[in-house]
file start_26.txt (compact mmCIF, C-alpha atoms)
# COMPACT_ATOMS: atom_id res chain seq x y z
CA MET I 611 -9.49 -43.97 10.60
CA ALA I 612 -10.77 -45.05 7.18
CA GLY I 613 -11.21 -41.45 6.05
CA SER I 614 -7.57 -40.64 6.84
CA ARG I 615 -6.38 -43.63 4.81
CA ARG I 616 -8.57 -42.53 1.92
CA VAL I 617 -7.25 -38.98 1.87
CA ILE I 618 -3.65 -40.25 2.00
CA ALA I 619 -4.38 -42.38 -1.04
CA LEU I 620 -5.93 -39.38 -2.79
CA VAL I 621 -2.86 -37.31 -1.99
CA LEU I 622 -0.50 -39.90 -3.45
CA LEU I 623 -2.61 -40.26 -6.59
CA GLY I 624 -2.84 -36.51 -7.00
CA LEU I 625 0.88 -35.97 -6.59
CA ALA I 626 1.54 -38.64 -9.19
CA ALA I 627 -0.01 -36.33 -11.81
CA GLY I 628 1.87 -36.03 -15.05
CA PRO I 629 4.80 -33.63 -15.51
CA GLY I 630 4.31 -30.04 -16.56
CA ALA I 631 6.32 -26.93 -17.18
CA SER I 632 8.71 -25.84 -14.45
CA TRP I 633 7.28 -23.43 -11.92
CA ALA I 634 8.80 -19.95 -11.93
CA GLN I 635 8.79 -18.27 -8.55
CA ALA I 636 6.98 -14.91 -8.49
CA GLN I 637 9.13 -11.89 -7.90
CA THR I 638 8.14 -8.91 -5.75
CA PRO I 639 7.46 -5.82 -7.90
CA PRO I 640 9.60 -2.73 -7.43
CA GLU I 641 8.54 -0.28 -4.72
CA ASP I 642 7.93 2.48 -7.26
CA ASP I 643 5.48 0.39 -9.26
CA PRO I 644 2.14 2.17 -8.59
CA PHE I 645 0.22 -0.99 -9.42
CA ALA I 646 2.12 -3.17 -6.93
CA GLY I 647 -0.57 -2.87 -4.26
CA PHE I 648 -3.06 -4.77 -6.38
CA ASP I 649 -1.18 -8.05 -6.59
CA GLU I 650 2.31 -8.63 -5.34
CA GLU I 651 2.83 -11.41 -7.89
CA TRP I 652 2.69 -9.04 -10.88
CA ASP I 653 6.16 -8.09 -12.06
CA ASP I 654 4.93 -5.47 -14.57
CA PRO I 655 1.16 -5.35 -14.92
CA TRP I 656 1.22 -3.19 -18.06
CA ALA I 657 3.87 -5.11 -19.98
CA THR I 658 2.70 -5.76 -23.55
CA GLU I 659 5.50 -7.76 -25.06
CA ASP I 660 4.39 -11.04 -23.45
CA GLN I 661 0.64 -11.06 -23.97
CA GLY I 662 -1.69 -14.03 -23.89
CA LEU I 663 -2.61 -16.83 -21.50
CA ARG I 664 0.00 -18.40 -19.20
CA TRP I 665 -1.18 -21.35 -17.07
CA THR I 666 0.41 -22.44 -13.81
CA GLY I 667 -0.75 -24.15 -10.65
CA PHE I 668 -0.05 -26.92 -8.17
CA VAL I 669 -1.37 -30.09 -6.64
CA GLU I 670 -1.12 -30.29 -2.85
CA GLY I 671 -1.95 -32.88 -0.25
CA GLY I 672 -2.33 -31.90 3.40
CA LEU I 673 -2.81 -33.90 6.57
CA GLY I 674 -3.12 -32.68 10.16
CA ALA I 675 -4.47 -33.89 13.49
CA ARG I 676 -5.05 -32.49 16.97
CA ASN I 677 -3.23 -34.00 19.94
CA SER I 678 -6.27 -34.29 22.23
CA ASP I 679 -9.90 -35.34 22.08
CA VAL I 680 -12.69 -32.78 21.75
CA ALA I 681 -16.33 -33.81 22.17
CA GLY I 682 -18.16 -33.76 18.85
CA LEU I 683 -14.98 -33.43 16.74
CA ASP I 684 -12.67 -35.88 15.01
CA ARG I 685 -8.95 -35.63 15.64
CA LEU I 686 -8.39 -34.87 11.96
CA THR I 687 -8.04 -31.11 11.48
CA LEU I 688 -6.58 -31.08 7.97
CA GLY I 689 -7.20 -33.74 5.34
CA GLU I 690 -7.36 -32.50 1.80
CA LEU I 691 -6.24 -32.84 -1.77
CA ARG I 692 -6.08 -29.43 -3.44
CA VAL I 693 -5.64 -28.67 -7.14
CA ARG I 694 -4.84 -25.05 -8.04
CA ALA I 695 -5.14 -23.56 -11.52
CA GLU I 696 -4.23 -19.99 -12.30
CA THR I 697 -3.77 -17.94 -15.42
CA ARG I 698 -3.51 -14.35 -16.56
CA TYR I 699 -4.39 -12.75 -19.86
CA ASP I 700 -2.37 -9.65 -20.68
CA HIS I 701 -3.64 -7.09 -23.16
CA ALA I 702 -2.28 -3.66 -23.94
CA ASP I 703 -5.30 -2.06 -22.22
CA PHE I 704 -6.25 -4.54 -19.48
CA GLN I 705 -5.37 -7.73 -17.65
CA VAL I 706 -7.61 -10.59 -16.58
CA GLU I 707 -6.47 -12.86 -13.75
CA PHE I 708 -7.91 -16.14 -12.52
CA LYS I 709 -7.00 -18.32 -9.52
CA GLY I 710 -9.18 -21.23 -8.51
CA ASP I 711 -8.92 -24.34 -6.33
CA LEU I 712 -10.69 -27.68 -6.44
CA VAL I 713 -10.49 -29.27 -2.97
CA TRP I 714 -11.47 -32.62 -1.54
CA ASP I 715 -11.87 -31.93 2.21
CA GLU I 716 -11.86 -35.10 4.29
CA VAL I 717 -12.82 -33.27 7.49
CA ILE I 718 -16.23 -32.32 6.10
CA ASP I 719 -16.30 -35.18 3.56
CA SER I 720 -16.97 -32.84 0.65
CA LEU I 721 -15.63 -31.71 -2.71
CA GLU I 722 -15.40 -27.91 -2.74
CA THR I 723 -14.49 -25.23 -5.28
CA GLU I 724 -12.77 -22.03 -4.16
CA LEU I 725 -12.49 -19.00 -6.42
CA ARG I 726 -9.48 -17.07 -5.16
CA GLU I 727 -9.38 -14.49 -7.93
CA LEU I 728 -11.30 -13.49 -11.04
CA SER I 729 -10.57 -9.86 -11.77
CA VAL I 730 -10.00 -7.29 -14.48
CA ALA I 731 -7.34 -4.60 -14.03
CA PHE I 732 -7.15 -1.53 -16.24
CA ARG I 733 -5.97 2.08 -16.27
CA PRO I 734 -8.79 4.55 -17.11
CA LEU I 735 -6.46 7.55 -16.71
CA ALA I 736 -2.70 7.97 -16.65
CA SER I 737 -2.75 8.52 -12.87
CA VAL I 738 -5.57 6.10 -12.01
CA ASP I 739 -5.48 2.31 -11.72
CA ALA I 740 -8.58 0.16 -11.25
CA LYS I 741 -9.22 -3.48 -10.46
CA VAL I 742 -12.69 -5.01 -10.36
CA GLY I 743 -13.77 -8.50 -9.37
CA ARG I 744 -12.84 -11.16 -6.86
CA GLN I 745 -9.43 -10.40 -5.38
CA VAL I 746 -7.33 -10.61 -2.22
CA LEU I 747 -6.87 -7.18 -0.61
CA THR I 748 -4.40 -6.27 2.09
CA TRP I 749 -2.59 -3.31 3.63
CA GLY I 750 -1.07 -2.25 6.94
CA THR I 751 2.32 -2.96 8.52
CA GLY I 752 1.71 -5.76 11.04
CA ASP I 753 3.14 -9.27 10.75
CA LEU I 754 0.13 -11.57 11.40
CA LEU I 755 -1.40 -8.75 13.47
CA PHE I 756 -4.03 -6.70 11.69
CA LEU I 757 -5.12 -3.28 12.89
CA ASN I 758 -6.25 -1.27 9.87
CA ASP I 759 -6.49 -4.25 7.53
CA LEU I 760 -10.20 -5.06 7.84
CA PHE I 761 -10.28 -7.31 4.80
CA PRO I 762 -11.43 -10.88 5.63
CA LYS I 763 -9.07 -13.43 7.19
CA ASP I 764 -9.48 -17.21 7.31
CA PHE I 765 -8.45 -18.27 10.81
CA ILE I 766 -9.74 -21.81 10.24
CA SER I 767 -7.15 -22.30 7.48
CA PHE I 768 -4.50 -20.58 9.59
CA PHE I 769 -5.03 -22.83 12.62
CA ALA I 770 -5.37 -26.00 10.51
CA GLY I 771 -1.96 -25.70 8.85
CA ARG I 772 -2.78 -24.57 5.34
CA ASP I 773 -0.33 -22.32 3.53
CA GLU I 774 -0.10 -18.88 5.11
CA ASP I 775 -1.41 -17.36 1.87
CA TYR I 776 -4.81 -18.82 2.72
CA LEU I 777 -5.06 -16.63 5.81
CA LYS I 778 -6.18 -13.86 3.43
CA LEU I 779 -9.68 -14.46 2.08
CA PRO I 780 -10.76 -12.94 -1.26
CA SER I 781 -13.38 -10.21 -1.54
CA ASP I 782 -15.71 -9.18 -4.34
CA ALA I 783 -14.53 -5.61 -4.69
CA ALA I 784 -13.84 -2.60 -6.85
CA ARG I 785 -10.51 -1.00 -6.05
CA VAL I 786 -9.28 2.32 -7.43
CA SER I 787 -5.86 3.87 -6.87
CA VAL I 788 -5.13 7.52 -7.63
CA PHE I 789 -1.54 8.78 -7.75
CA THR I 790 -0.60 12.45 -7.30
CA ASP I 791 2.51 14.40 -6.38
CA LEU I 792 1.06 15.23 -2.97
CA VAL I 793 -0.47 11.94 -1.79
CA ASN I 794 -1.71 8.64 -3.21
CA LEU I 795 -5.14 7.17 -2.55
CA ASP I 796 -6.52 3.62 -2.45
CA LEU I 797 -10.28 3.14 -2.29
CA ALA I 798 -11.86 -0.31 -2.01
CA TRP I 799 -15.64 -0.82 -2.12
CA MET I 800 -17.13 -4.20 -1.28
CA PRO I 801 -20.86 -4.30 -2.18
CA ARG I 802 -21.37 -7.28 0.12
CA PHE I 803 -19.97 -7.67 3.63
CA GLU I 804 -17.36 -10.45 3.82
CA PRO I 805 -16.76 -11.82 7.36
CA ASP I 806 -13.67 -13.60 8.60
CA GLY I 807 -13.41 -17.37 8.45
CA TYR I 808 -14.12 -17.62 12.20
CA LEU I 809 -14.46 -20.65 14.47
CA TYR I 810 -18.02 -21.93 14.66
CA GLY I 811 -17.68 -25.59 15.70
CA GLU I 812 -17.03 -27.45 12.47
CA ARG I 813 -13.30 -28.10 12.95
CA PHE I 814 -12.24 -26.39 16.19
CA ALA I 815 -13.63 -25.76 19.66
CA PHE I 816 -13.78 -22.31 21.27
CA TRP I 817 -14.99 -20.51 24.39
CA ASN I 818 -18.78 -20.18 24.47
CA PRO I 819 -19.93 -17.68 27.13
CA ALA I 820 -23.48 -19.04 27.06
CA ALA I 821 -22.24 -22.54 27.87
CA GLY I 822 -19.50 -21.31 30.21
CA ALA I 823 -17.07 -23.75 28.63
CA VAL I 824 -14.91 -24.51 25.60
CA VAL I 825 -17.15 -26.42 23.19
CA ALA I 826 -17.67 -27.22 19.53
CA PRO I 827 -21.36 -26.44 18.99
CA GLN I 828 -23.26 -29.25 17.31
CA PRO I 829 -24.53 -28.89 14.72
CA PRO I 830 -22.05 -26.21 13.63
CA ARG I 831 -23.83 -23.01 12.63
CA ARG I 832 -22.56 -19.74 11.23
CA ALA I 833 -24.11 -16.40 12.10
CA ASP I 834 -26.32 -14.77 9.49
CA THR I 835 -24.26 -12.46 7.28
CA PRO I 836 -25.80 -9.00 6.92
CA ASP I 837 -26.51 -7.72 3.41
CA THR I 838 -24.53 -4.50 3.72
CA TYR I 839 -21.53 -2.93 2.01
CA GLU I 840 -17.98 -2.19 3.19
CA LEU I 841 -15.75 0.75 2.26
CA ALA I 842 -12.02 1.01 2.97
CA LEU I 843 -9.72 3.95 2.30
CA ARG I 844 -5.95 4.42 2.42
CA LEU I 845 -3.91 7.59 1.88
CA PHE I 846 -0.21 6.89 1.51
CA ARG I 847 3.05 8.53 0.55
CA THR I 848 6.75 7.74 0.63
CA VAL I 849 9.13 10.52 1.63
CA GLY I 850 12.70 9.40 1.15
CA PRO I 851 12.95 5.99 2.83
CA ILE I 852 9.89 6.54 5.07
CA GLU I 853 6.41 5.24 4.21
CA TYR I 854 3.40 7.02 5.71
CA ALA I 855 -0.23 5.89 5.51
CA ALA I 856 -3.63 6.82 6.92
CA TYR I 857 -6.64 4.49 6.88
CA GLY I 858 -10.41 4.50 7.22
CA TYR I 859 -13.06 1.78 7.16
CA THR I 860 -16.82 1.56 7.52
CA GLY I 861 -18.63 -1.75 7.75
CA ARG I 862 -18.97 -4.29 10.55
CA TRP I 863 -16.89 -6.25 13.03
CA LYS I 864 -15.40 -9.10 11.01
CA GLN I 865 -16.49 -11.76 13.49
CA PRO I 866 -19.93 -12.23 15.15
CA VAL I 867 -18.89 -10.67 18.46
CA GLY I 868 -22.38 -9.34 19.27
CA LEU I 869 -25.68 -10.96 20.25
CA ASP I 870 -29.16 -10.15 18.99
CA ALA I 871 -32.39 -10.08 21.04
CA GLN I 872 -32.70 -13.87 20.74
CA GLY I 873 -29.15 -14.41 21.98
CA LEU I 874 -27.84 -15.41 18.53
CA PRO I 875 -24.45 -14.11 17.30
CA ARG I 876 -24.43 -11.06 15.02
CA PHE I 877 -22.01 -8.67 13.33
CA PRO I 878 -22.29 -5.20 14.97
CA ARG I 879 -21.56 -2.06 12.95
CA LEU I 880 -17.98 -0.78 13.01
CA ARG I 881 -16.06 2.26 11.82
CA THR I 882 -12.29 2.60 12.14
CA PHE I 883 -9.54 5.06 11.35
CA GLY I 884 -5.79 4.87 11.88
CA ALA I 885 -2.29 5.51 10.57
CA SER I 886 1.06 3.79 10.12
CA VAL I 887 4.70 4.52 9.45
CA ARG I 888 7.50 2.26 8.25
CA ARG I 889 11.15 3.23 7.97
CA PRO I 890 14.72 1.90 8.11
CA LEU I 891 16.22 1.95 11.59
CA TYR I 892 19.75 0.93 12.50
CA ARG I 893 20.27 -2.28 10.49
CA GLY I 894 16.64 -3.22 10.13
CA LEU I 895 13.11 -2.01 9.49
CA PHE I 896 10.83 -0.35 12.05
CA ASN I 897 7.05 -0.01 11.81
CA ALA I 898 4.36 1.54 13.98
CA GLU I 899 0.58 1.56 13.58
CA PHE I 900 -2.52 2.64 15.46
CA ALA I 901 -6.25 2.16 14.91
CA TRP I 902 -9.38 3.41 16.64
CA TYR I 903 -12.34 0.98 16.54
CA ASP I 904 -15.59 2.91 16.85
CA SER I 905 -18.27 0.39 17.87
CA ARG I 906 -21.22 2.26 16.39
CA ASP I 907 -23.92 0.12 18.07
CA ASP I 908 -22.61 0.77 21.60
CA ARG I 909 -20.60 3.97 21.86
CA ASP I 910 -21.59 4.33 25.54
CA GLY I 911 -20.20 0.89 26.39
CA THR I 912 -23.31 -0.13 28.36
CA ASP I 913 -24.60 -2.95 26.12
CA PRO I 914 -23.09 -6.31 27.17
CA ALA I 915 -24.25 -7.85 23.87
CA THR I 916 -22.07 -5.47 21.81
CA PRO I 917 -18.29 -4.97 21.98
CA ASN I 918 -16.98 -1.66 23.31
CA SER I 919 -14.92 0.73 21.22
CA GLU I 920 -11.15 0.03 21.31
CA LEU I 921 -7.77 1.62 20.76
CA ARG I 922 -5.18 -0.63 19.13
CA LEU I 923 -1.43 0.09 18.93
CA LEU I 924 1.49 -1.74 17.34
CA ALA I 925 5.26 -1.29 17.14
CA GLY I 926 7.58 -3.70 15.36
CA TYR I 927 11.17 -4.19 14.30
CA GLU I 928 12.84 -6.66 11.91
CA GLN I 929 16.54 -7.27 11.28
CA GLU I 930 18.88 -9.89 9.89
CA LEU I 931 20.85 -10.98 12.96
CA VAL I 932 23.45 -13.01 11.14
CA ARG I 933 23.65 -14.32 7.61
CA ASN I 934 20.46 -16.27 6.72
CA LEU I 935 18.88 -15.67 10.13
CA THR I 936 16.20 -12.96 10.39
CA ALA I 937 14.33 -11.94 13.53
CA GLY I 938 11.24 -9.79 13.85
CA THR I 939 9.43 -8.73 17.00
CA GLN I 940 6.24 -6.76 17.70
CA PHE I 941 4.51 -5.24 20.71
CA TYR I 942 0.74 -4.98 20.37
CA VAL I 943 -1.77 -3.30 22.70
CA GLU I 944 -5.57 -3.19 22.92
CA ARG I 945 -7.38 -0.82 25.28
CA ILE I 946 -11.13 -1.09 25.84
CA GLN I 947 -13.05 2.16 26.20
CA HIS I 948 -15.58 2.44 29.08
CA HIS I 949 -14.24 -0.74 30.67
CA ASP I 950 -15.93 0.08 33.98
CA ARG I 951 -19.31 0.19 32.23
CA LEU I 952 -18.53 -3.13 30.55
CA LEU I 953 -17.99 -4.80 33.93
CA ALA I 954 -21.01 -3.10 35.50
CA ASN I 955 -23.37 -4.43 32.80
CA SER I 956 -21.78 -7.81 32.10
CA PRO I 957 -23.59 -11.00 33.20
CA ASP I 958 -20.16 -12.58 33.90
CA PRO I 959 -17.68 -9.79 34.77
CA ALA I 960 -15.08 -12.24 36.09
CA ARG I 961 -14.54 -13.58 32.57
CA GLU I 962 -14.57 -10.29 30.71
CA ARG I 963 -11.40 -9.02 29.10
CA GLU I 964 -9.08 -6.76 31.04
CA ARG I 965 -8.99 -3.07 30.16
CA TRP I 966 -5.54 -3.59 28.64
CA ARG I 967 -4.47 -6.58 26.55
CA THR I 968 -0.88 -6.87 25.37
CA VAL I 969 0.69 -9.31 22.94
CA VAL I 970 4.37 -9.79 22.12
CA THR I 971 5.39 -11.63 18.96
CA LEU I 972 8.66 -13.08 17.74
CA ARG I 973 9.40 -14.43 14.28
CA LEU I 974 12.67 -16.28 13.60
CA THR I 975 13.45 -17.41 10.06
CA HIS I 976 16.54 -19.34 9.02
CA ARG I 977 17.43 -20.34 5.46
CA ALA I 978 19.99 -22.99 4.52
CA LEU I 979 21.03 -25.26 1.63
CA GLN I 980 21.00 -22.39 -0.87
CA GLU I 981 17.66 -21.26 0.61
CA LYS I 982 16.01 -24.58 -0.17
CA LEU I 983 15.50 -25.34 3.54
CA THR I 984 13.57 -22.76 5.57
CA SER I 985 12.99 -23.12 9.30
CA SER I 986 10.58 -20.74 11.00
CA LEU I 987 9.19 -20.06 14.45
CA PHE I 988 6.42 -17.57 15.17
CA VAL I 989 5.46 -16.93 18.79
CA PHE I 990 2.43 -15.04 20.10
CA ALA I 991 2.52 -14.44 23.87
CA SER I 992 0.18 -12.29 25.97
CA PRO I 993 1.62 -11.15 29.32
CA THR I 994 -1.77 -9.76 30.43
CA GLU I 995 -3.77 -12.91 29.65
CA SER I 996 -1.01 -15.45 30.37
CA ASP I 997 -1.59 -17.38 27.15
CA TYR I 998 0.41 -18.16 24.01
CA TYR I 999 0.39 -19.55 20.48
CA LEU I 1000 3.46 -21.20 18.88
CA ARG I 1001 3.89 -21.84 15.14
CA PRO I 1002 7.11 -23.76 14.36
CA SER I 1003 7.51 -25.02 10.79
CA VAL I 1004 10.07 -26.40 8.34
CA ALA I 1005 9.87 -26.17 4.53
CA TRP I 1006 12.13 -28.01 2.08
CA ARG I 1007 12.03 -27.07 -1.61
CA ARG I 1008 13.57 -30.02 -3.40
CA ASP I 1009 13.47 -28.26 -6.76
CA ASP I 1010 11.23 -25.89 -8.70
CA ARG I 1011 8.39 -28.41 -8.59
CA TRP I 1012 8.38 -30.13 -5.21
CA LEU I 1013 7.82 -28.46 -1.82
CA PHE I 1014 7.52 -30.32 1.50
CA THR I 1015 6.28 -28.45 4.57
CA GLY I 1016 5.45 -29.48 8.14
CA GLY I 1017 4.78 -27.83 11.45
CA PHE I 1018 2.73 -27.43 14.61
CA ASN I 1019 0.03 -25.15 16.00
CA VAL I 1020 0.47 -25.12 19.78
CA PHE I 1021 -1.95 -23.18 22.01
CA GLY I 1022 -1.96 -22.75 25.77
CA GLY I 1023 -2.96 -20.54 28.66
CA SER I 1024 -3.86 -20.46 32.32
CA GLU I 1025 -7.53 -19.55 31.65
CA GLU I 1026 -9.85 -21.28 29.22
CA HIS I 1027 -11.71 -18.10 28.20
CA THR I 1028 -8.70 -16.04 26.99
CA PHE I 1029 -7.87 -15.44 23.33
CA PHE I 1030 -5.31 -18.26 22.94
CA GLY I 1031 -6.14 -20.21 26.10
CA GLN I 1032 -9.54 -21.23 24.70
CA LEU I 1033 -7.78 -23.00 21.81
CA GLU I 1034 -5.56 -25.27 23.88
CA ASP I 1035 -7.43 -28.46 22.93
CA ASN I 1036 -7.05 -27.53 19.24
CA SER I 1037 -3.24 -27.89 19.24
CA ASN I 1038 -2.25 -29.92 16.18
CA ALA I 1039 0.53 -31.10 13.88
CA TRP I 1040 0.35 -30.88 10.08
CA LEU I 1041 2.20 -31.89 6.90
CA ARG I 1042 1.82 -30.70 3.30
CA VAL I 1043 3.32 -31.88 0.01
CA ARG I 1044 3.02 -29.62 -3.04
CA TYR I 1045 3.84 -30.25 -6.70
CA HIS I 1046 4.03 -27.23 -9.01
CA TYR I 1047 3.19 -27.78 -12.66
call {"tool": "encode", "arguments": {"input": "start_26.txt", "output": "structure tokens"}}
result
Amino acid sequence: MAGSRRVIALVLLGLAAGPGASWAQAQTPPEDDPFAGFDEEWDDPWATEDQGLRWTGFVEGGLGARNSDVAGLDRLTLGELRVRAETRYDHADFQVEFKGDLVWDEVIDSLETELRELSVAFRPLASVDAKVGRQVLTWGTGDLLFLNDLFPKDFISFFAGRDEDYLKLPSDAARVSVFTDLVNLDLAWMPRFEPDGYLYGERFAFWNPAAGAVVAPQPPRRADTPDTYELALRLFRTVGPIEYAAYGYTGRWKQPVGLDAQGLPRFPRLRTFGASVRRPLYRGLFNAEFAWYDSRDDRDGTDPATPNSELRLLAGYEQELVRNLTAGTQFYVERIQHHDRLLANSPDPARERERWRTVVTLRLTHRALQEKLTSSLFVFASPTESDYYLRPSVAWRRDDRWLFTGGFNVFGGSEEHTFFGQLEDNSNAWLRVRYHY
């Protein structure tokens, strides 16, 4: 189509941008760095010998298309030229960090700006760190499975083939970390509720219970976002090689899984608590996590327009099988409370979720050519719902500036209303080219 040709031309023009300084890959901070939780790209957030502004960024072109027709949608699922600029100002008493994108999106025919980070980090006391502003927050132990991490996720970007970093959406937040000999504490307050980037009909189709079919609603419409706050808490400690953590959250379900009196989607109230552990085991790393989802608007489980409370469990293990080949697997479980009441009050009990939902994941990663070529396969499979999601990809880093990446998002299932089965018509292939300056 004409739009696709135009975005390809934009990509080529963008990637022909003039040369810049070589890109230095970010290094993961040491485990004993108490400030590491704020931003994994900071080597030493309180270093003073290298103060001042340092600019980096990239130009990236992306193209992706679905392999089947969907009524109301174009086959193009990813068509963009993205320019990233980022900088950090280091001072002896504080740091200011900025990350922003300018994006031409061919799918919606629009030029967009995305502020990924604009934050100030400082240390008010010797044992207290603080970071205020727009920032990406994350915690928990799951690999692409999130139990106690209730910070917003962008599933539209994830399914379209953007870089995996874009799965995590930024939040406007104040985060404080307190470090003691007994236990450490993270507290994040978001004055405004930030929902997930959920499917709503603009780029992908999904199961619509009201229509009884997989559709892309036209015109696309998001649910109204409530003007309420969110609060997340983590207590954590490392004893020897073992990491322990406990979590709490109060806010709302991150997707509009409820209905109001007019039958329009809404975000019901939610409170969660949970815990996790991560430790070495045999030749690899083991993790386990649980979370209790307290659906505050329907604790009795009798309201079909509000999700029931849930128990969520996760166990995972990762190990290098042979040189340059790493495998990780997870077993994930959801259990719905008062499932019998859910079926008794549901207008369509045959299509309600089962009491138990299980998901098994497998990640295989192979690196070759001095780690310049990375091949990856991530598999989600649900034995209880008989559906799956496959994410194969290949990335080639030609040098410190050029990165070429391609892959597929493949969905399938025996029922069109299940978690992955509803996305079958959204299966797509994608390609990205990135130039670091």
call {"tool": "closest_residue", "arguments": {"input": "start_26.txt", "among": "I:Arg879, I:Arg1042, I:Lys709, I:Arg906", "to": "Gln865 in chain I", "atoms": "all atoms listed in the file"}}
result
I:Arg879
call {"tool": "closest_residue", "arguments": {"input": "start_26.txt", "among": "I:Phe814, I:Thr912, I:Gln828, I:Glu1026", "to": "Ala954 in chain I", "atoms": "all atoms listed in the file"}}
result
I:Thr912
call {"tool": "residues_around", "arguments": {"input": "start_26.txt", "residues": "range 925-928 of chain I", "least_positions_apart": "2", "cutoff": "6 Å", "atoms": "only C-alpha atoms", "output": "list in words"}}
result
Gly894, Leu895, Phe896, Asn897, Ala898, Ala937, Gly938, Thr939, Gln940 and Phe941 of chain I
call {"tool": "atom_distance", "arguments": {"input": "start_26.txt", "atom1": "CA of Arg664 in chain I", "atom2": "CA of Gly743 in chain I"}}
result
19.6 Å
call {"tool": "atom_distance", "arguments": {"input": "start_26.txt", "atom1": "CA of Gly1016 in chain I", "atom2": "CA of Asn1038 in chain I"}}
result
11.1 Å
call {"tool": "closest_residue", "arguments": {"input": "start_26.txt", "among": "I:Leu721, I:Leu747, I:Leu777, I:Ala823", "to": "Glu1025 in chain I", "atoms": "all atoms listed in the file"}}
result
I:Ala823
call {"tool": "closest_residue", "arguments": {"input": "start_26.txt", "among": "I:Val989, I:Leu921, I:Ala675, I:Val680", "to": "Glu944 in chain I", "atoms": "all atoms listed in the file"}}
result
I:Leu921
call {"tool": "residues_around", "arguments": {"input": "start_26.txt", "residues": "Leu924 in chain I", "least_positions_apart": "3", "cutoff": "10 Å", "atoms": "all atoms listed in the file", "output": "PyMOL selection string"}}
result
chain I and resi 751-752+755-757+886+897-901+940-944+968-970
call {"tool": "closest_residue", "arguments": {"input": "start_26.txt", "among": "I:Asp950, I:Asp764, I:Glu840, I:Asp997", "to": "Trp799 in chain I", "atoms": "only C-alpha atoms"}}
result
I:Glu840
call {"tool": "closest_residue", "arguments": {"input": "start_26.txt", "among": "I:Leu923, I:Leu841, I:Val932, I:Leu953", "to": "Thr975 in chain I", "atoms": "only C-alpha atoms"}}
result
I:Val932
call {"tool": "residues_around", "arguments": {"input": "start_26.txt", "residues": "His976 in chain I", "least_positions_apart": "6", "cutoff": "6 Å", "atoms": "only C-alpha atoms", "output": "JSON, numbers by chain"}}
result
{"I": [934, 935, 984, 985]}
call {"tool": "residues_around", "arguments": {"input": "start_26.txt", "residues": "Trp665 in chain I", "least_positions_apart": "6", "cutoff": "9 Å", "atoms": "all atoms listed in the file", "output": "list in words"}}
result
Ala695, Glu696, Thr697, Arg698 and Tyr1047 of chain I
call {"tool": "atom_distance", "arguments": {"input": "start_26.txt", "atom1": "CA of Gly911 in chain I", "atom2": "CA of His1027 in chain I"}}
result
20.9 Å
call {"tool": "residues_around", "arguments": {"input": "start_26.txt", "residues": "Tyr810 in chain I", "least_positions_apart": "4", "cutoff": "9 Å", "atoms": "all atoms listed in the file", "output": "list of chain:residue names"}}
result
I:Phe814, I:Ala815, I:Phe816, I:Ala826, I:Pro827, I:Pro830, I:Arg831, I:Arg832, I:Ala833
call {"tool": "residues_near_point", "arguments": {"input": "start_26.txt", "point": "(-8.0, -22.0, -6.2)", "cutoff": "12 Å", "atoms": "all atoms listed in the file", "output": "VMD selection string"}}
result
chain I and resid 666 to 670 691 to 697 707 to 713 722 to 728 744 to 745 775 to 776 779 to 780
